[in-house]
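**Q** Next comes the structure file final.txt, holding compact mmCIF, N, CA and C atoms.
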# COMPACT_ATOMS: atom_id res chain seq x y z
N MET A 1 0.96 -39.93 -1.62
CA MET A 1 1.08 -38.65 -2.30
C MET A 1 -0.28 -38.17 -2.78
N LYS A 2 -1.11 -39.08 -3.30
CA LYS A 2 -2.43 -38.70 -3.77
C LYS A 2 -3.27 -38.14 -2.63
N ASP A 3 -3.15 -38.76 -1.44
CA ASP A 3 -3.92 -38.28 -0.30
C ASP A 3 -3.49 -36.89 0.12
N PHE A 4 -2.18 -36.62 0.06
CA PHE A 4 -1.69 -35.29 0.39
C PHE A 4 -2.23 -34.26 -0.59
N LEU A 5 -2.21 -34.60 -1.87
CA LEU A 5 -2.75 -33.68 -2.88
C LEU A 5 -4.25 -33.48 -2.70
N PHE A 6 -4.95 -34.53 -2.34
CA PHE A 6 -6.38 -34.40 -2.08
C PHE A 6 -6.63 -33.46 -0.92
N PHE A 7 -5.87 -33.63 0.16
CA PHE A 7 -6.05 -32.79 1.35
C PHE A 7 -5.73 -31.33 1.04
N THR A 8 -4.60 -31.07 0.41
CA THR A 8 -4.23 -29.68 0.10
C THR A 8 -5.18 -29.07 -0.92
N GLY A 9 -5.63 -29.88 -1.87
CA GLY A 9 -6.61 -29.39 -2.83
C GLY A 9 -7.94 -29.06 -2.17
N GLY A 10 -8.28 -29.81 -1.15
CA GLY A 10 -9.54 -29.58 -0.45
C GLY A 10 -9.59 -28.28 0.32
N ILE A 11 -8.44 -27.83 0.80
CA ILE A 11 -8.43 -26.59 1.58
C ILE A 11 -7.88 -25.40 0.79
N ALA A 12 -7.46 -25.61 -0.45
CA ALA A 12 -6.82 -24.54 -1.23
C ALA A 12 -7.76 -23.35 -1.46
N VAL A 13 -8.97 -23.59 -1.94
CA VAL A 13 -9.88 -22.49 -2.26
C VAL A 13 -10.34 -21.74 -1.01
N PRO A 14 -10.82 -22.41 0.03
CA PRO A 14 -11.23 -21.63 1.20
C PRO A 14 -10.04 -20.92 1.87
N LEU A 15 -8.86 -21.53 1.83
CA LEU A 15 -7.69 -20.88 2.40
C LEU A 15 -7.30 -19.65 1.60
N ALA A 16 -7.37 -19.74 0.28
CA ALA A 16 -7.08 -18.58 -0.57
C ALA A 16 -8.08 -17.46 -0.32
N ALA A 17 -9.36 -17.81 -0.20
CA ALA A 17 -10.39 -16.79 0.09
C ALA A 17 -10.15 -16.16 1.45
N LEU A 18 -9.73 -16.95 2.42
CA LEU A 18 -9.42 -16.43 3.75
C LEU A 18 -8.25 -15.46 3.71
N VAL A 19 -7.20 -15.81 2.99
CA VAL A 19 -6.03 -14.93 2.87
C VAL A 19 -6.41 -13.63 2.17
N ILE A 20 -7.19 -13.72 1.11
CA ILE A 20 -7.65 -12.52 0.41
C ILE A 20 -8.50 -11.67 1.33
N GLY A 21 -9.35 -12.29 2.13
CA GLY A 21 -10.17 -11.55 3.09
C GLY A 21 -9.31 -10.80 4.10
N ILE A 22 -8.26 -11.44 4.59
CA ILE A 22 -7.36 -10.79 5.55
C ILE A 22 -6.66 -9.60 4.89
N ILE A 23 -6.20 -9.79 3.67
CA ILE A 23 -5.54 -8.70 2.95
C ILE A 23 -6.50 -7.53 2.75
N LEU A 24 -7.72 -7.81 2.28
CA LEU A 24 -8.69 -6.74 2.05
C LEU A 24 -9.06 -6.03 3.34
N ARG A 25 -9.13 -6.78 4.41
CA ARG A 25 -9.56 -6.21 5.69
C ARG A 25 -8.49 -5.29 6.29
N PHE A 26 -7.25 -5.73 6.26
CA PHE A 26 -6.21 -5.00 6.98
C PHE A 26 -5.30 -4.15 6.09
N LYS A 27 -5.21 -4.46 4.82
CA LYS A 27 -4.35 -3.70 3.91
C LYS A 27 -5.04 -3.60 2.55
N PRO A 28 -6.18 -2.88 2.50
CA PRO A 28 -6.91 -2.81 1.23
C PRO A 28 -6.08 -2.11 0.16
N PRO A 29 -6.13 -2.62 -1.06
CA PRO A 29 -5.35 -2.03 -2.14
C PRO A 29 -5.97 -0.72 -2.62
N GLU A 30 -5.17 0.08 -3.27
CA GLU A 30 -5.69 1.28 -3.93
C GLU A 30 -6.63 0.83 -5.05
N ARG A 31 -7.49 1.74 -5.48
CA ARG A 31 -8.38 1.40 -6.59
C ARG A 31 -7.56 0.96 -7.78
N ASN A 32 -7.92 -0.18 -8.38
CA ASN A 32 -7.17 -0.72 -9.49
C ASN A 32 -8.08 -1.55 -10.37
N ALA A 33 -7.54 -2.04 -11.44
CA ALA A 33 -8.34 -2.81 -12.40
C ALA A 33 -8.26 -4.31 -12.20
N TYR A 34 -7.53 -4.77 -11.15
CA TYR A 34 -7.28 -6.20 -11.06
C TYR A 34 -7.66 -6.86 -9.75
N PHE A 35 -7.51 -6.19 -8.63
CA PHE A 35 -7.65 -6.85 -7.34
C PHE A 35 -8.56 -6.07 -6.41
N GLY A 36 -9.43 -6.79 -5.71
CA GLY A 36 -10.32 -6.17 -4.74
C GLY A 36 -11.77 -6.45 -5.09
N PHE A 37 -12.66 -5.95 -4.22
CA PHE A 37 -14.09 -6.09 -4.49
C PHE A 37 -14.46 -4.99 -5.47
N ARG A 38 -14.59 -5.37 -6.73
CA ARG A 38 -14.80 -4.40 -7.80
C ARG A 38 -16.25 -4.44 -8.27
N SER A 39 -16.90 -3.30 -8.18
CA SER A 39 -18.22 -3.12 -8.76
C SER A 39 -18.31 -1.68 -9.23
N LYS A 40 -19.34 -1.38 -9.97
CA LYS A 40 -19.51 -0.01 -10.46
C LYS A 40 -19.54 0.97 -9.30
N LEU A 41 -20.26 0.62 -8.25
CA LEU A 41 -20.39 1.51 -7.10
C LEU A 41 -19.09 1.60 -6.31
N SER A 42 -18.40 0.49 -6.09
CA SER A 42 -17.15 0.55 -5.31
C SER A 42 -16.08 1.33 -6.06
N MET A 43 -16.13 1.34 -7.37
CA MET A 43 -15.15 2.07 -8.16
C MET A 43 -15.49 3.55 -8.30
N SER A 44 -16.66 3.97 -7.80
CA SER A 44 -17.11 5.35 -8.01
C SER A 44 -16.37 6.38 -7.15
N SER A 45 -15.82 5.98 -6.01
CA SER A 45 -15.07 6.92 -5.18
C SER A 45 -14.10 6.17 -4.29
N ASP A 46 -13.06 6.88 -3.87
CA ASP A 46 -12.07 6.26 -2.98
C ASP A 46 -12.70 5.87 -1.65
N GLU A 47 -13.62 6.68 -1.15
CA GLU A 47 -14.27 6.40 0.13
C GLU A 47 -15.05 5.09 0.07
N LEU A 48 -15.85 4.93 -0.98
CA LEU A 48 -16.62 3.69 -1.13
C LEU A 48 -15.70 2.50 -1.44
N TRP A 49 -14.63 2.74 -2.20
CA TRP A 49 -13.70 1.67 -2.53
C TRP A 49 -13.12 1.07 -1.25
N PHE A 50 -12.56 1.92 -0.38
CA PHE A 50 -11.93 1.41 0.83
C PHE A 50 -12.94 0.80 1.80
N ALA A 51 -14.12 1.41 1.88
CA ALA A 51 -15.17 0.84 2.74
C ALA A 51 -15.58 -0.54 2.23
N ALA A 52 -15.72 -0.67 0.92
CA ALA A 52 -16.11 -1.95 0.32
C ALA A 52 -15.04 -3.01 0.55
N GLN A 53 -13.77 -2.64 0.42
CA GLN A 53 -12.69 -3.61 0.62
C GLN A 53 -12.68 -4.13 2.05
N ARG A 54 -12.81 -3.21 3.00
CA ARG A 54 -12.78 -3.63 4.40
C ARG A 54 -14.00 -4.51 4.74
N PHE A 55 -15.17 -4.10 4.26
CA PHE A 55 -16.37 -4.88 4.56
C PHE A 55 -16.30 -6.26 3.91
N CYS A 56 -15.88 -6.31 2.67
CA CYS A 56 -15.77 -7.60 1.97
C CYS A 56 -14.70 -8.46 2.64
N GLY A 57 -13.63 -7.85 3.10
CA GLY A 57 -12.60 -8.58 3.83
C GLY A 57 -13.12 -9.20 5.11
N ARG A 58 -13.95 -8.42 5.85
CA ARG A 58 -14.55 -8.97 7.08
C ARG A 58 -15.48 -10.14 6.74
N LEU A 59 -16.27 -9.99 5.69
CA LEU A 59 -17.17 -11.08 5.30
C LEU A 59 -16.38 -12.34 4.89
N LEU A 60 -15.39 -12.16 4.04
CA LEU A 60 -14.60 -13.32 3.60
C LEU A 60 -13.94 -14.01 4.78
N THR A 61 -13.40 -13.22 5.71
CA THR A 61 -12.76 -13.80 6.88
C THR A 61 -13.76 -14.56 7.74
N ALA A 62 -14.91 -13.95 7.97
CA ALA A 62 -15.93 -14.57 8.82
C ALA A 62 -16.48 -15.86 8.20
N VAL A 63 -16.62 -15.88 6.90
CA VAL A 63 -17.21 -17.04 6.23
C VAL A 63 -16.16 -18.13 5.99
N PHE A 64 -14.98 -17.74 5.56
CA PHE A 64 -14.01 -18.75 5.11
C PHE A 64 -13.06 -19.24 6.19
N ALA A 65 -12.97 -18.58 7.33
CA ALA A 65 -12.16 -19.14 8.42
C ALA A 65 -12.75 -20.48 8.88
N PRO A 66 -14.04 -20.51 9.24
CA PRO A 66 -14.59 -21.82 9.62
C PRO A 66 -14.69 -22.79 8.44
N LEU A 67 -14.92 -22.27 7.25
CA LEU A 67 -15.03 -23.15 6.08
C LEU A 67 -13.69 -23.82 5.77
N THR A 68 -12.59 -23.14 6.02
CA THR A 68 -11.27 -23.74 5.82
C THR A 68 -11.07 -24.90 6.79
N VAL A 69 -11.47 -24.69 8.04
CA VAL A 69 -11.34 -25.76 9.04
C VAL A 69 -12.23 -26.94 8.67
N ILE A 70 -13.46 -26.65 8.27
CA ILE A 70 -14.40 -27.72 7.90
C ILE A 70 -13.89 -28.48 6.67
N ALA A 71 -13.40 -27.76 5.67
CA ALA A 71 -12.87 -28.42 4.46
C ALA A 71 -11.67 -29.29 4.80
N GLY A 72 -10.82 -28.80 5.70
CA GLY A 72 -9.67 -29.60 6.12
C GLY A 72 -10.10 -30.85 6.86
N ALA A 73 -11.10 -30.71 7.72
CA ALA A 73 -11.59 -31.88 8.47
C ALA A 73 -12.24 -32.89 7.54
N VAL A 74 -13.05 -32.41 6.60
CA VAL A 74 -13.69 -33.33 5.65
C VAL A 74 -12.64 -34.02 4.80
N SER A 75 -11.65 -33.26 4.33
CA SER A 75 -10.58 -33.85 3.52
C SER A 75 -9.83 -34.93 4.30
N ALA A 76 -9.55 -34.64 5.57
CA ALA A 76 -8.83 -35.61 6.40
C ALA A 76 -9.67 -36.85 6.67
N LEU A 77 -10.97 -36.67 6.83
CA LEU A 77 -11.85 -37.81 7.14
C LEU A 77 -12.02 -38.76 5.96
N VAL A 78 -11.99 -38.24 4.75
CA VAL A 78 -12.26 -39.11 3.59
C VAL A 78 -10.99 -39.61 2.92
N ILE A 79 -9.83 -39.30 3.49
CA ILE A 79 -8.57 -39.71 2.86
C ILE A 79 -8.51 -41.23 2.63
N GLY A 80 -8.90 -42.00 3.59
CA GLY A 80 -8.79 -43.45 3.45
C GLY A 80 -9.93 -44.10 2.68
N LEU A 81 -10.91 -43.33 2.29
CA LEU A 81 -12.07 -43.91 1.61
C LEU A 81 -11.82 -44.05 0.11
N ASP A 82 -12.77 -44.70 -0.57
CA ASP A 82 -12.59 -44.94 -2.00
C ASP A 82 -12.78 -43.66 -2.83
N SER A 83 -12.52 -43.78 -4.10
CA SER A 83 -12.55 -42.62 -5.01
C SER A 83 -13.93 -42.00 -5.13
N ASN A 84 -14.97 -42.81 -5.08
CA ASN A 84 -16.32 -42.26 -5.18
C ASN A 84 -16.64 -41.34 -4.00
N CYS A 85 -16.25 -41.75 -2.80
CA CYS A 85 -16.48 -40.91 -1.62
C CYS A 85 -15.68 -39.61 -1.72
N LYS A 86 -14.46 -39.71 -2.20
CA LYS A 86 -13.64 -38.51 -2.37
C LYS A 86 -14.27 -37.57 -3.39
N PHE A 87 -14.75 -38.14 -4.49
CA PHE A 87 -15.38 -37.32 -5.52
C PHE A 87 -16.61 -36.59 -4.97
N ILE A 88 -17.43 -37.30 -4.23
CA ILE A 88 -18.63 -36.69 -3.64
C ILE A 88 -18.23 -35.60 -2.65
N ALA A 89 -17.21 -35.85 -1.84
CA ALA A 89 -16.74 -34.84 -0.88
C ALA A 89 -16.24 -33.60 -1.60
N ILE A 90 -15.47 -33.77 -2.66
CA ILE A 90 -14.97 -32.63 -3.43
C ILE A 90 -16.13 -31.88 -4.07
N LEU A 91 -17.08 -32.60 -4.61
CA LEU A 91 -18.24 -31.97 -5.23
C LEU A 91 -19.03 -31.15 -4.23
N VAL A 92 -19.30 -31.71 -3.07
CA VAL A 92 -20.05 -31.00 -2.03
C VAL A 92 -19.28 -29.78 -1.55
N MET A 93 -17.98 -29.94 -1.30
CA MET A 93 -17.18 -28.80 -0.85
C MET A 93 -17.14 -27.69 -1.89
N THR A 94 -17.04 -28.06 -3.16
CA THR A 94 -17.01 -27.07 -4.23
C THR A 94 -18.32 -26.30 -4.30
N VAL A 95 -19.43 -26.99 -4.20
CA VAL A 95 -20.74 -26.34 -4.23
C VAL A 95 -20.89 -25.39 -3.03
N VAL A 96 -20.49 -25.85 -1.86
CA VAL A 96 -20.57 -25.01 -0.66
C VAL A 96 -19.70 -23.77 -0.81
N GLU A 97 -18.51 -23.91 -1.35
CA GLU A 97 -17.61 -22.78 -1.54
C GLU A 97 -18.16 -21.79 -2.56
N ILE A 98 -18.76 -22.27 -3.63
CA ILE A 98 -19.37 -21.39 -4.63
C ILE A 98 -20.54 -20.63 -4.02
N ILE A 99 -21.36 -21.33 -3.26
CA ILE A 99 -22.49 -20.66 -2.59
C ILE A 99 -21.99 -19.62 -1.61
N ALA A 100 -20.94 -19.94 -0.87
CA ALA A 100 -20.38 -18.99 0.10
C ALA A 100 -19.83 -17.75 -0.61
N LEU A 101 -19.11 -17.94 -1.70
CA LEU A 101 -18.60 -16.79 -2.45
C LEU A 101 -19.73 -15.94 -3.03
N ALA A 102 -20.77 -16.58 -3.54
CA ALA A 102 -21.91 -15.85 -4.07
C ALA A 102 -22.62 -15.07 -2.96
N ALA A 103 -22.76 -15.69 -1.80
CA ALA A 103 -23.41 -15.01 -0.67
C ALA A 103 -22.60 -13.80 -0.22
N VAL A 104 -21.28 -13.94 -0.15
CA VAL A 104 -20.42 -12.81 0.22
C VAL A 104 -20.60 -11.68 -0.79
N ASN A 105 -20.62 -12.02 -2.07
CA ASN A 105 -20.79 -11.01 -3.11
C ASN A 105 -22.14 -10.30 -2.99
N ILE A 106 -23.21 -11.04 -2.78
CA ILE A 106 -24.55 -10.45 -2.68
C ILE A 106 -24.65 -9.55 -1.45
N VAL A 107 -24.18 -10.03 -0.31
CA VAL A 107 -24.26 -9.25 0.92
C VAL A 107 -23.41 -7.98 0.80
N ALA A 108 -22.21 -8.11 0.25
CA ALA A 108 -21.33 -6.94 0.10
C ALA A 108 -21.93 -5.93 -0.86
N GLU A 109 -22.51 -6.39 -1.94
CA GLU A 109 -23.12 -5.48 -2.91
C GLU A 109 -24.32 -4.75 -2.31
N ARG A 110 -25.16 -5.45 -1.57
CA ARG A 110 -26.30 -4.79 -0.91
C ARG A 110 -25.83 -3.79 0.12
N TRP A 111 -24.82 -4.15 0.91
CA TRP A 111 -24.28 -3.22 1.91
C TRP A 111 -23.70 -1.99 1.23
N LEU A 112 -22.98 -2.19 0.14
CA LEU A 112 -22.36 -1.09 -0.58
C LEU A 112 -23.42 -0.16 -1.18
N LYS A 113 -24.50 -0.73 -1.65
CA LYS A 113 -25.58 0.09 -2.21
C LYS A 113 -26.17 0.98 -1.12
N LYS A 114 -26.42 0.43 0.07
CA LYS A 114 -26.93 1.23 1.18
C LYS A 114 -25.92 2.29 1.60
N GLU A 115 -24.65 1.90 1.64
CA GLU A 115 -23.59 2.84 2.01
C GLU A 115 -23.49 3.97 0.99
N GLY A 116 -23.61 3.63 -0.29
CA GLY A 116 -23.58 4.63 -1.34
C GLY A 116 -24.74 5.60 -1.26
N GLU A 117 -25.93 5.09 -0.96
CA GLU A 117 -27.11 5.95 -0.80
C GLU A 117 -26.93 6.86 0.41
N ARG A 118 -26.36 6.34 1.47
CA ARG A 118 -26.15 7.14 2.66
C ARG A 118 -25.15 8.27 2.42
N ASN A 119 -24.16 8.00 1.55
CA ASN A 119 -23.15 9.00 1.23
C ASN A 119 -23.56 9.88 0.05
N GLY A 120 -24.74 9.63 -0.51
CA GLY A 120 -25.24 10.43 -1.61
C GLY A 120 -24.59 10.14 -2.94
N GLU A 121 -24.14 8.92 -3.14
CA GLU A 121 -23.50 8.57 -4.42
C GLU A 121 -24.37 7.65 -5.22
Mind turning the file's structure into structure tokens?

**A**
Amino acid sequence: MKDFLFFTGGIAVPLAALVIGIILRFKPPERNAYFGFRSKLSMSSDELWFAAQRFCGRLLTAVFAPLTVIAGAVSALVIGLDSNCKFIAILVMTVVEIIALAAVNIVAERWLKKEGERNGE
């Protein structure tokens, strides 16, 4: 049971980011206070809001589809190993996922800034 929880825990975050990316890409929400790629610029107009959601969705999908597979493979590989190896694997995966989320945020924000300047906002 512990191994199953370790495996599902290992892929939970990248899988959730992948699902959110798919939702943003194909069915972006209306402007709201709770869900979506929210920044001052993305909230400034409906045009920028929807463009930002689709772009961020493409980024999340592109980054987290392979990361979900990699996290699943790493989780499966370390299942039989001792607790220290599992801890190190979880730590490394967490750091990689945080860096990936930060990179998606930075790239999306820079793209949105250029898009906003192009649209005169």

**Q** If I take atom C of Thr94 of chain A and atom N of Pro66 of chain A, how far is one from the other in Å, to one decimal?

**A**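 Rounded to one decimal, the two atoms are 15.3 Å apart.
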
**Q** Which one is closest to Gly116 of chain A: A:Ile79, A:Ile88, A:Ala65, A:Ala52? Count only C-alpha atoms.

**A**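 Using only C-alpha atoms, the shortest distance to Gly116 of chain A belongs to A:Ala52.
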
**Q** Could you work out how far atom CA of Phe64 of chain A lies from atom CA of Leu81 of chain A, giving the answer in Å with one decimal?

**A**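 Between these atoms lies a distance of 25.5 Å.
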
**Q** I'd like the interatomic distance between atom CA of Gly21 of chain A and atom CA of Glu109 of chain A, to a tenth of an Å.

**A** 15.5 Å

**Q** Can you tell me which residues surround Gly57 of chain A at a distance of at most 7 Å, considering only N, CA and C atoms, apart from same-chain residues fewer than 5 positions away, and format the answer as number ranges by chain?

**A** A: 20-26, 52, 62

**Q** May I ask which of the residues A:Asn105, A:Thr8, A:Asn32, A:Gln53 is the closest one to Ser75 of chain A, counting only N, CA and C atoms?

**A**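 Selected residue with least distance to Ser75 of chain A: A:Thr8.
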
**Q** Measuring between only C-alpha atoms, which one of A:Phe37, A:Val63, A:Asn84, A:Pro28 shows the shortest distance to Ile98 of chain A?

**A**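 Counting only C-alpha atoms, the residue closest to Ile98 of chain A is A:Val63.
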
**Q** At a cut-off of 7 Å, using all atoms listed in the file, what residues contact Ser42 of chain A? Leave out same-chain residues fewer than 6 positions from it and give the result as an NGL selection string.

**A** :A and (48-50 or 52 or 112)
